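Working notes, structure below.
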Amino acid sequence: MKGDRVEIVVDAGDTTRTYEVVASRAGRRVETAVRRGVVEVSEVTRSGSVVRTARFMATRVLALVEQPVPREDASERPRGDDPAS
């Protein structure tokens, strides 16, 4: 969903670097995967096409922070016929 983002903190030797992958348009989402020692963060469209990908060596990744956009769920919506009131 637009606004989803993942922050990746990587050990760059004597310092750390922070990278961000953001779902930049409506209908896109950010997916993460760890395969064969590589952390892969991709921005994906509704149809599943990858728009862009960031890859990092898993041994160098210090933190991977997923920050999804809060979604309004149908079960969390207030109802007009609340028996408690």
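Starting from 1 in every chain, residues are counted up; chains themselves are A, B, ... following the order of the structure tokens, and ligands are numbered from 1 as listed.
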
For stretch 49-52 of chain A: contacts at 10 Å, only C-alpha atoms, fewer than 2 positions along chain excluded, given as a PyMOL selection string: chain A and resi 21+23+28-31+41-47+54

Near A:Val9, within 8 Å and counting only C-alpha atoms, which residues show up once chain neighbours fewer than 6 positions away are dropped, as a PyMOL selection string? chain A and resi 16-19+61-64

Assign secondary structure with DSSP using the backbone only, and return the residues of chain A in strand (DSSP E or B) as a VMD selection string. chain A and resid 5 to 11 16 to 22 29 to 35 38 to 44 50 to 57 61 to 67

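Interatomic distance, atom CA of A:Val10 against atom CA of A:Arg60: 5.5 Å.
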
Need the shell around A:Met57: protein/DNA/RNA residues with any atom at most 12 Å away, counting only C-alpha atoms. Skip same-chain ones fewer than 5 positions apart. Format as a PyMOL selection string? chain A and resi 8-12+33-41+62

Find the distance between atom CA of A:Thr53 and atom CA of A:Glu7 and write it in Å to one decimal.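 Going from atom CA of A:Thr53 over to atom CA of A:Glu7 covers 13.2 Å.
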
Selected residue, from A:Glu20, A:Thr15, A:Gly3, A:Val69, that lies nearest to A:Arg55 when counting only C-alpha atoms: A:Glu20

Could you go through chain A and tell me which residues DSSP, when run on the backbone, assigns to helix (DSSP H, G or I), listing them as a PyMOL selection string? chain A and resi 58-60+74-76
